[in-house]
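Participant: Input work-v1.txt, format and content: compact mmCIF, C-alpha atoms.
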```txt
# COMPACT_ATOMS: atom_id res chain seq x y z
CA MET A 1 -5.95 -6.54 17.53
CA THR A 2 -7.82 -3.31 16.85
CA LYS A 3 -11.45 -3.24 15.76
CA ALA A 4 -10.43 -1.90 12.35
CA HIS A 5 -7.96 -4.78 11.98
CA GLU A 6 -10.72 -7.29 12.81
CA VAL A 7 -13.17 -5.75 10.35
CA VAL A 8 -10.65 -5.96 7.51
CA ALA A 9 -9.79 -9.56 8.42
CA ALA A 10 -13.52 -10.37 8.24
CA TYR A 11 -13.79 -8.53 4.91
CA TRP A 12 -11.13 -10.71 3.25
CA ALA A 13 -12.44 -13.90 4.87
CA ALA A 14 -15.92 -13.15 3.47
CA ALA A 15 -14.51 -12.30 0.02
CA GLU A 16 -12.45 -15.50 -0.12
CA ALA A 17 -15.54 -17.51 0.97
CA ARG A 18 -17.74 -15.68 -1.59
CA ASP A 19 -20.02 -14.97 1.38
CA TRP A 20 -21.47 -11.77 -0.06
CA ALA A 21 -24.06 -11.44 2.71
CA ALA A 22 -21.33 -11.33 5.36
CA PHE A 23 -19.21 -9.10 3.12
CA SER A 24 -22.10 -6.71 2.58
CA ALA A 25 -22.84 -6.45 6.30
CA LEU A 26 -19.36 -4.97 6.85
CA LEU A 27 -20.06 -2.01 4.54
CA VAL A 28 -22.01 1.20 5.00
CA ASP A 29 -24.89 1.69 2.53
CA ASP A 30 -23.07 4.41 0.63
CA VAL A 31 -19.63 2.80 0.65
CA VAL A 32 -17.21 4.36 -1.82
CA TYR A 33 -14.53 2.27 -3.57
CA ARG A 34 -11.74 3.99 -5.48
CA GLY A 35 -8.91 2.69 -7.64
CA PRO A 36 -6.53 5.65 -8.03
CA GLN A 37 -4.43 4.01 -10.77
CA THR A 38 -7.37 3.87 -13.22
CA ARG A 39 -9.38 6.60 -11.48
CA GLU A 40 -12.29 4.19 -11.21
CA GLN A 41 -14.95 4.58 -8.54
CA VAL A 42 -17.93 2.54 -7.33
CA ARG A 43 -20.57 4.01 -5.03
CA GLY A 44 -23.06 2.12 -2.91
CA ARG A 45 -23.16 -1.34 -1.43
CA GLU A 46 -25.16 -3.00 -4.22
CA ALA A 47 -22.96 -1.59 -6.96
CA TYR A 48 -19.89 -2.68 -5.04
CA ILE A 49 -21.10 -6.27 -4.63
CA ARG A 50 -21.85 -6.36 -8.37
CA PHE A 51 -18.36 -4.98 -9.07
CA ASN A 52 -16.82 -7.78 -7.00
CA THR A 53 -18.91 -10.59 -8.46
CA GLU A 54 -19.40 -9.55 -12.12
CA GLY A 55 -16.13 -7.66 -12.48
CA PHE A 56 -14.02 -10.63 -11.37
CA ASP A 57 -15.99 -13.59 -12.80
CA TYR A 58 -13.12 -16.06 -12.84
CA ASP A 59 -11.50 -18.17 -10.18
CA TRP A 60 -9.44 -16.06 -7.81
CA HIS A 61 -8.06 -16.44 -4.30
CA VAL A 62 -6.86 -13.87 -1.86
CA THR A 63 -4.37 -14.43 0.96
CA VAL A 64 -3.71 -11.86 3.64
CA VAL A 65 -0.02 -10.97 4.03
CA ARG A 66 -0.56 -8.24 6.64
CA ILE A 67 -3.31 -6.12 8.16
CA ILE A 68 -2.59 -3.00 10.20
CA GLY A 69 -5.37 -1.14 12.01
CA GLU A 70 -5.32 2.07 14.05
CA GLY A 71 -8.42 3.94 15.15
CA GLN A 72 -10.85 4.09 12.24
CA HIS A 73 -8.17 3.32 9.63
CA ALA A 74 -6.76 0.06 8.39
CA VAL A 75 -4.69 -1.28 5.52
CA SER A 76 -4.38 -4.73 4.04
CA TRP A 77 -1.53 -6.18 2.01
CA THR A 78 -2.81 -9.26 0.22
CA ASP A 79 -1.65 -11.67 -2.45
CA PHE A 80 -4.29 -11.94 -5.15
CA ALA A 81 -4.07 -15.08 -7.30
CA GLY A 82 -6.09 -14.71 -10.49
CA ARG A 83 -5.86 -15.17 -14.24
CA GLU A 84 -2.49 -13.48 -14.54
CA GLY A 85 -0.69 -15.16 -11.68
CA THR A 86 -0.26 -13.76 -8.19
CA GLN A 87 0.11 -10.06 -7.50
CA PRO A 88 0.13 -7.89 -4.39
CA GLY A 89 -2.93 -5.81 -3.57
CA LEU A 90 -2.80 -2.91 -1.12
CA CYS A 91 -6.05 -1.61 0.21
CA PHE A 92 -6.76 1.30 2.58
CA PHE A 93 -10.00 1.34 4.58
CA GLU A 94 -11.82 4.03 6.55
CA LEU A 95 -14.48 2.97 9.05
CA ASP A 96 -17.48 4.94 10.26
CA ASN A 97 -18.26 5.42 13.96
CA ASP A 98 -20.10 2.07 14.05
CA GLY A 99 -17.10 0.18 12.69
CA ARG A 100 -18.48 -0.33 9.21
CA ILE A 101 -16.35 0.24 6.12
CA ALA A 102 -17.09 3.62 4.53
CA THR A 103 -14.27 4.03 1.99
CA ILE A 104 -11.88 1.66 0.27
CA THR A 105 -8.85 2.81 -1.74
CA ASP A 106 -7.27 0.01 -3.71
CA PHE A 107 -3.78 -0.15 -5.25
CA TRP A 108 -2.33 -2.84 -7.52
CA PRO A 109 1.42 -2.29 -7.96
CA ASP A 110 2.76 -4.03 -11.09
CA PRO A 111 6.35 -5.07 -11.73
CA TYR A 112 8.53 -2.51 -13.51
CA GLU A 113 12.11 -2.23 -14.75
CA LEU A 114 14.75 -1.18 -12.23
CA PRO A 115 15.90 2.35 -13.19
CA ALA A 116 19.55 2.45 -14.30
CA SER A 117 20.11 5.50 -12.05
CA ARG A 118 20.01 3.34 -8.91
CA ALA A 119 21.07 -0.08 -10.24
CA HIS A 120 24.54 0.24 -8.69
CA LEU A 121 23.02 0.94 -5.26
CA VAL A 122 20.92 -2.21 -4.89
CA GLU A 123 21.07 -5.97 -5.15
CA ARG A 124 18.29 -8.18 -6.59
CA TYR A 125 16.38 -10.86 -4.76
CA MET B 126 -0.96 7.63 18.05
CA THR B 127 0.99 4.39 18.32
CA LYS B 128 4.78 4.30 18.68
CA ALA B 129 5.10 2.75 15.21
CA HIS B 130 2.99 5.58 13.79
CA GLU B 131 5.27 8.17 15.44
CA VAL B 132 8.43 6.51 14.16
CA VAL B 133 7.16 6.52 10.58
CA ALA B 134 6.05 10.16 10.87
CA ALA B 135 9.59 11.00 12.06
CA TYR B 136 11.08 8.95 9.18
CA TRP B 137 9.25 11.00 6.53
CA ALA B 138 9.88 14.30 8.31
CA ALA B 139 13.62 13.51 8.36
CA ALA B 140 13.60 12.44 4.70
CA GLU B 141 11.79 15.60 3.61
CA ALA B 142 14.26 17.70 5.66
CA ARG B 143 17.25 15.74 4.21
CA ASP B 144 18.24 15.25 7.85
CA TRP B 145 20.09 12.00 7.23
CA ALA B 146 21.45 11.85 10.79
CA ALA B 147 17.92 11.88 12.24
CA PHE B 148 16.77 9.49 9.50
CA SER B 149 19.63 7.11 10.22
CA ALA B 150 18.92 7.08 13.96
CA LEU B 151 15.48 5.60 13.27
CA LEU B 152 16.95 2.52 11.56
CA VAL B 153 18.55 -0.65 12.91
CA ASP B 154 22.13 -1.25 11.73
CA ASP B 155 21.11 -4.10 9.45
CA VAL B 156 17.93 -2.53 8.10
CA VAL B 157 16.58 -4.26 4.99
CA TYR B 158 14.79 -2.31 2.25
CA ARG B 159 12.88 -4.18 -0.46
CA GLY B 160 11.07 -3.04 -3.57
CA PRO B 161 8.98 -6.05 -4.67
CA GLN B 162 8.10 -4.60 -8.08
CA THR B 163 11.73 -4.56 -9.26
CA ARG B 164 12.92 -7.17 -6.73
CA GLU B 165 15.55 -4.70 -5.54
CA GLN B 166 17.02 -4.89 -2.05
CA VAL B 167 19.34 -2.76 0.05
CA ARG B 168 20.91 -4.06 3.25
CA GLY B 169 22.44 -2.02 6.02
CA ARG B 170 22.04 1.52 7.23
CA GLU B 171 24.94 3.04 5.31
CA ALA B 172 23.91 1.45 2.03
CA TYR B 173 20.35 2.60 2.60
CA ILE B 174 21.38 6.23 3.21
CA ARG B 175 23.46 6.09 0.03
CA PHE B 176 20.48 4.64 -1.85
CA ASN B 177 18.30 7.55 -0.69
CA THR B 178 20.81 10.28 -1.42
CA GLU B 179 22.62 9.02 -4.56
CA GLY B 180 19.68 7.09 -6.00
CA PHE B 181 17.37 10.10 -5.95
CA ASP B 182 19.77 12.97 -6.70
CA TYR B 183 17.15 15.40 -7.96
CA ASP B 184 14.67 17.66 -6.22
CA TRP B 185 11.86 15.67 -4.66
CA HIS B 186 9.27 16.24 -1.96
CA VAL B 187 7.23 13.81 0.01
CA THR B 188 3.87 14.52 1.65
CA VAL B 189 2.23 12.09 4.05
CA VAL B 190 -1.34 11.18 3.08
CA ARG B 191 -1.85 8.64 5.86
CA ILE B 192 0.11 6.64 8.42
CA ILE B 193 -1.35 3.63 10.23
CA GLY B 194 0.51 1.90 13.04
CA GLU B 195 -0.32 -1.16 15.12
CA GLY B 196 2.12 -2.93 17.41
CA GLN B 197 5.46 -3.23 15.62
CA HIS B 198 3.95 -2.64 12.18
CA ALA B 199 3.14 0.53 10.30
CA VAL B 200 2.31 1.66 6.79
CA SER B 201 2.60 5.02 5.10
CA TRP B 202 0.75 6.30 2.07
CA THR B 203 2.63 9.29 0.70
CA ASP B 204 2.57 11.51 -2.35
CA PHE B 205 6.02 11.67 -3.88
CA ALA B 206 6.66 14.67 -6.13
CA GLY B 207 9.71 14.14 -8.31
CA ARG B 208 10.92 14.37 -11.89
CA GLU B 209 7.88 12.60 -13.34
CA GLY B 210 5.15 14.46 -11.46
CA THR B 211 3.44 13.23 -8.31
CA GLN B 212 2.80 9.59 -7.60
CA PRO B 213 1.60 7.63 -4.59
CA GLY B 214 4.11 5.62 -2.57
CA LEU B 215 3.05 2.87 -0.17
CA CYS B 216 5.56 1.69 2.37
CA PHE B 217 5.29 -1.06 5.00
CA PHE B 218 7.56 -0.95 8.05
CA GLU B 219 8.48 -3.48 10.72
CA LEU B 220 10.03 -2.25 13.97
CA ASP B 221 12.32 -4.12 16.31
CA ASN B 222 11.68 -4.36 20.06
CA ASP B 223 13.39 -1.00 20.63
CA GLY B 224 11.13 0.77 18.14
CA ARG B 225 13.72 1.09 15.39
CA ILE B 226 12.90 0.32 11.78
CA ALA B 227 14.13 -3.15 10.79
CA THR B 228 12.45 -3.74 7.42
CA ILE B 229 10.90 -1.50 4.78
CA THR B 230 8.83 -2.80 1.86
CA ASP B 231 8.13 -0.14 -0.71
CA PHE B 232 5.47 -0.12 -3.45
CA TRP B 233 5.00 2.41 -6.27
CA PRO B 234 1.68 1.80 -8.03
CA ASP B 235 1.62 3.31 -11.54
CA PRO B 236 -1.46 4.28 -13.54
CA TYR B 237 -2.86 1.59 -15.86
CA GLU B 238 -5.73 1.21 -18.32
CA LEU B 239 -9.12 0.28 -16.90
CA PRO B 240 -9.86 -3.31 -18.01
CA ALA B 241 -12.86 -3.51 -20.39
CA SER B 242 -14.25 -6.41 -18.33
CA ARG B 243 -15.30 -4.09 -15.51
CA ALA B 244 -15.75 -0.78 -17.33
CA HIS B 245 -19.57 -1.03 -17.16
CA LEU B 246 -19.42 -1.51 -13.39
CA VAL B 247 -17.56 1.69 -12.46
CA GLU B 248 -17.56 5.43 -12.96
CA ARG B 249 -14.44 7.57 -13.40
CA TYR B 250 -13.27 10.35 -11.13
```
Once more with this new file: its structure as structure tokens, please.
Facilitator:
Amino acid sequence: MTKAHEVVAAYWAAAEARDWAAFSALLVDDVVYRGPQTREQVRGREAYIRFNTEGFDYDWHVTVVRIIGEGQHAVSWTDFAGREGTQPGLCFFELDNDGRIATITDFWPDPYELPASRAHLVERY
Amino acid sequence: MTKAHEVVAAYWAAAEARDWAAFSALLVDDVVYRGPQTREQVRGREAYIRFNTEGFDYDWHVTVVRIIGEGQHAVSWTDFAGREGTQPGLCFFELDNDGRIATITDFWPDPYELPASRAHLVERY
């Protein structure tokens, strides 16, 4: 397991445990979080902890499906169970030279209708 | 660069070049493609080539943003420029023991409205 893989595993374990001290210790001071789908951004460790605690103030649970790490990059594919059922979350991480998380780019793909143009080329599961 | 990283780089290079022979050679015979958002599935190399050629029969271009590989797993984050502008595509790959692609899980995260519940905790970019 790469270092980046381990860091991201620790990140999700801390989040699931609501251990914000351990979570915080994995981040650089000026960590940057981005959600490209809404073009939202959070800068700095304190603001990011507040985002995670105040922004999601309901019962939620996160389960890791897969983590892949290479060099200073990693990705996680998780299942996030919250108010609206369970949905996949895909999160890209960049680490600094000390192995702390410097940037997080977070994607939440929602269900959509199968386009008619390729319906004859696929089956459903 | 890991082997899995190289295979996925070759996969996107072949797709962008419409070199379906090279693309095909990277896949196992019984490759399985899944799109969890529509619950669509394609099984087998021939069906998957047809899906890529007939299912997307317009001008499109794909640019790799990032590839991460570890062991027999890899992920790609690409920008896909097609009929509806450019959108990110996130694709998880599993390789068999010979380094050929056995499964592909493809996500297309669309833009959505920022939830009011966390609007005070973020900035926009």
Participant: Pairing the C-alpha atoms in order across the whole chain, superpose chain B onto chain A by least squares and write the result as an mmCIF file with C-alpha atoms, keeping the file's coordinate frame.
Facilitator:
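What landed in part.cif:
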```
data_model
loop_
_atom_site.group_PDB
_atom_site.id
_atom_site.type_symbol
_atom_site.label_atom_id
_atom_site.label_comp_id
_atom_site.auth_asym_id
_atom_site.auth_seq_id
_atom_site.Cartn_x
_atom_site.Cartn_y
_atom_site.Cartn_z
ATOM 1 C CA MET B 126 -5.923 -6.526 17.524
ATOM 2 C CA THR B 127 -7.796 -3.299 16.854
ATOM 3 C CA LYS B 128 -11.446 -3.232 15.770
ATOM 4 C CA ALA B 129 -10.432 -1.896 12.344
ATOM 5 C CA HIS B 130 -7.977 -4.781 11.985
ATOM 6 C CA GLU B 131 -10.737 -7.294 12.818
ATOM 7 C CA VAL B 132 -13.174 -5.751 10.356
ATOM 8 C CA VAL B 133 -10.661 -5.959 7.514
ATOM 9 C CA ALA B 134 -9.781 -9.562 8.414
ATOM 10 C CA ALA B 135 -13.519 -10.371 8.247
ATOM 11 C CA TYR B 136 -13.805 -8.514 4.902
ATOM 12 C CA TRP B 137 -11.142 -10.697 3.253
ATOM 13 C CA ALA B 138 -12.428 -13.892 4.863
ATOM 14 C CA ALA B 139 -15.908 -13.144 3.469
ATOM 15 C CA ALA B 140 -14.513 -12.295 0.023
ATOM 16 C CA GLU B 141 -12.464 -15.492 -0.123
ATOM 17 C CA ALA B 142 -15.543 -17.495 0.980
ATOM 18 C CA ARG B 143 -17.755 -15.660 -1.594
ATOM 19 C CA ASP B 144 -20.025 -14.966 1.379
ATOM 20 C CA TRP B 145 -21.473 -11.780 -0.079
ATOM 21 C CA ALA B 146 -24.060 -11.434 2.702
ATOM 22 C CA ALA B 147 -21.325 -11.336 5.362
ATOM 23 C CA PHE B 148 -19.210 -9.101 3.111
ATOM 24 C CA SER B 149 -22.105 -6.716 2.570
ATOM 25 C CA ALA B 150 -22.839 -6.454 6.296
ATOM 26 C CA LEU B 151 -19.373 -4.978 6.850
ATOM 27 C CA LEU B 152 -20.065 -2.023 4.535
ATOM 28 C CA VAL B 153 -22.017 1.203 5.000
ATOM 29 C CA ASP B 154 -24.892 1.690 2.537
ATOM 30 C CA ASP B 155 -23.064 4.410 0.635
ATOM 31 C CA VAL B 156 -19.628 2.800 0.664
ATOM 32 C CA VAL B 157 -17.196 4.357 -1.816
ATOM 33 C CA TYR B 158 -14.537 2.268 -3.570
ATOM 34 C CA ARG B 159 -11.733 3.995 -5.480
ATOM 35 C CA GLY B 160 -8.908 2.693 -7.617
ATOM 36 C CA PRO B 161 -6.524 5.656 -8.037
ATOM 37 C CA GLN B 162 -4.454 4.016 -10.780
ATOM 38 C CA THR B 163 -7.383 3.863 -13.223
ATOM 39 C CA ARG B 164 -9.400 6.605 -11.480
ATOM 40 C CA GLU B 165 -12.312 4.180 -11.210
ATOM 41 C CA GLN B 166 -14.974 4.561 -8.537
ATOM 42 C CA VAL B 167 -17.934 2.533 -7.330
ATOM 43 C CA ARG B 168 -20.568 4.003 -5.029
ATOM 44 C CA GLY B 169 -23.043 2.114 -2.912
ATOM 45 C CA ARG B 170 -23.163 -1.343 -1.431
ATOM 46 C CA GLU B 171 -25.156 -3.008 -4.199
ATOM 47 C CA ALA B 172 -22.960 -1.605 -6.948
ATOM 48 C CA TYR B 173 -19.882 -2.677 -5.025
ATOM 49 C CA ILE B 174 -21.106 -6.276 -4.627
ATOM 50 C CA ARG B 175 -21.850 -6.350 -8.355
ATOM 51 C CA PHE B 176 -18.368 -4.980 -9.072
ATOM 52 C CA ASN B 177 -16.810 -7.790 -7.012
ATOM 53 C CA THR B 178 -18.898 -10.588 -8.460
ATOM 54 C CA GLU B 179 -19.393 -9.539 -12.118
ATOM 55 C CA GLY B 180 -16.107 -7.664 -12.471
ATOM 56 C CA PHE B 181 -14.016 -10.638 -11.384
ATOM 57 C CA ASP B 182 -15.996 -13.576 -12.802
ATOM 58 C CA TYR B 183 -13.123 -16.046 -12.847
ATOM 59 C CA ASP B 184 -11.496 -18.169 -10.177
ATOM 60 C CA TRP B 185 -9.448 -16.057 -7.804
ATOM 61 C CA HIS B 186 -8.057 -16.434 -4.304
ATOM 62 C CA VAL B 187 -6.870 -13.867 -1.865
ATOM 63 C CA THR B 188 -4.372 -14.439 0.948
ATOM 64 C CA VAL B 189 -3.717 -11.851 3.637
ATOM 65 C CA VAL B 190 -0.032 -10.958 4.014
ATOM 66 C CA ARG B 191 -0.566 -8.251 6.627
ATOM 67 C CA ILE B 192 -3.316 -6.125 8.148
ATOM 68 C CA ILE B 193 -2.601 -2.996 10.189
ATOM 69 C CA GLY B 194 -5.355 -1.123 11.994
ATOM 70 C CA GLU B 195 -5.325 2.065 14.047
ATOM 71 C CA GLY B 196 -8.422 3.940 15.153
ATOM 72 C CA GLN B 197 -10.851 4.093 12.233
ATOM 73 C CA HIS B 198 -8.175 3.317 9.645
ATOM 74 C CA ALA B 199 -6.759 0.050 8.395
ATOM 75 C CA VAL B 200 -4.693 -1.278 5.522
ATOM 76 C CA SER B 201 -4.371 -4.736 4.049
ATOM 77 C CA TRP B 202 -1.540 -6.172 2.009
ATOM 78 C CA THR B 203 -2.808 -9.260 0.218
ATOM 79 C CA ASP B 204 -1.641 -11.658 -2.451
ATOM 80 C CA PHE B 205 -4.274 -11.949 -5.144
ATOM 81 C CA ALA B 206 -4.063 -15.085 -7.287
ATOM 82 C CA GLY B 207 -6.075 -14.722 -10.474
ATOM 83 C CA ARG B 208 -5.866 -15.179 -14.226
ATOM 84 C CA GLU B 209 -2.485 -13.463 -14.542
ATOM 85 C CA GLY B 210 -0.674 -15.176 -11.673
ATOM 86 C CA THR B 211 -0.247 -13.740 -8.192
ATOM 87 C CA GLN B 212 0.124 -10.057 -7.513
ATOM 88 C CA PRO B 213 0.138 -7.907 -4.396
ATOM 89 C CA GLY B 214 -2.921 -5.810 -3.581
ATOM 90 C CA LEU B 215 -2.800 -2.909 -1.127
ATOM 91 C CA CYS B 216 -6.062 -1.609 0.219
ATOM 92 C CA PHE B 217 -6.760 1.296 2.591
ATOM 93 C CA PHE B 218 -10.005 1.341 4.576
ATOM 94 C CA GLU B 219 -11.824 4.015 6.555
ATOM 95 C CA LEU B 220 -14.488 2.963 9.060
ATOM 96 C CA ASP B 221 -17.463 4.942 10.262
ATOM 97 C CA ASN B 222 -18.264 5.413 13.959
ATOM 98 C CA ASP B 223 -20.101 2.073 14.051
ATOM 99 C CA GLY B 224 -17.097 0.185 12.693
ATOM 100 C CA ARG B 225 -18.479 -0.329 9.200
ATOM 101 C CA ILE B 226 -16.364 0.234 6.116
ATOM 102 C CA ALA B 227 -17.097 3.624 4.534
ATOM 103 C CA THR B 228 -14.276 4.031 2.004
ATOM 104 C CA ILE B 229 -11.879 1.656 0.271
ATOM 105 C CA THR B 230 -8.855 2.804 -1.740
ATOM 106 C CA ASP B 231 -7.278 0.004 -3.700
ATOM 107 C CA PHE B 232 -3.789 -0.149 -5.245
ATOM 108 C CA TRP B 233 -2.331 -2.837 -7.530
ATOM 109 C CA PRO B 234 1.412 -2.294 -7.960
ATOM 110 C CA ASP B 235 2.759 -4.010 -11.098
ATOM 111 C CA PRO B 236 6.351 -5.061 -11.744
ATOM 112 C CA TYR B 237 8.545 -2.498 -13.531
ATOM 113 C CA GLU B 238 12.129 -2.232 -14.763
ATOM 114 C CA LEU B 239 14.756 -1.179 -12.240
ATOM 115 C CA PRO B 240 15.897 2.346 -13.207
ATOM 116 C CA ALA B 241 19.570 2.439 -14.305
ATOM 117 C CA SER B 242 20.125 5.473 -12.052
ATOM 118 C CA ARG B 243 20.022 3.338 -8.911
ATOM 119 C CA ALA B 244 21.080 -0.069 -10.231
ATOM 120 C CA HIS B 245 24.565 0.235 -8.665
ATOM 121 C CA LEU B 246 23.026 0.937 -5.259
ATOM 122 C CA VAL B 247 20.917 -2.223 -4.899
ATOM 123 C CA GLU B 248 21.061 -5.986 -5.139
ATOM 124 C CA ARG B 249 18.305 -8.185 -6.581
ATOM 125 C CA TYR B 250 16.342 -10.838 -4.749
#
```
Participant: Identify, on the basis of all atoms listed in the file, every residue whose closest approach to Tyr237 (chain B) does not exceed 9 Å; exclude the query and any residue fewer than 2 positions from it along the same chain; express the result as a PyMOL selection string.
Facilitator: (chain A and resi 37-38) or (chain B and resi 235+239-240)
Participant: Write a file of the just-selected residues containing C-alpha atoms, as a compact mmCIF listing (two decimals), in the frame of the given file.
Facilitator:
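Wrote again-v7.txt, looks like this:
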```txt
# COMPACT_ATOMS: atom_id res chain seq x y z
CA GLN A 37 -4.43 4.01 -10.77
CA THR A 38 -7.37 3.87 -13.22
CA ASP B 235 1.62 3.31 -11.54
CA LEU B 239 -9.12 0.28 -16.90
CA PRO B 240 -9.86 -3.31 -18.01
```
Participant: Within 10 Å of chain B, which residues belong to chain A? Use all atoms listed in the file and report them as an MDAnalysis selection string.
Facilitator: chainID A and resid 1:2 5 33:43 47:48 50:52 54:57 66:77 87:90 92 107:125
Participant: Looking at A:Phe93, A:Trp20, A:Phe80, A:Tyr11, which one is nearest to Thr63 (chain A), with distances taken over all atoms listed in the file?
Facilitator: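 Once distances to Thr63 (chain A) are computed over all atoms listed in the file, the minimum belongs to A:Phe80.
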Participant: Could you tell me how far CA of Glu141 (chain B) lies from CA of Tyr183 (chain B), in Å and to one decimal?
Facilitator: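 Rounded to one decimal, the two atoms are 12.8 Å apart.
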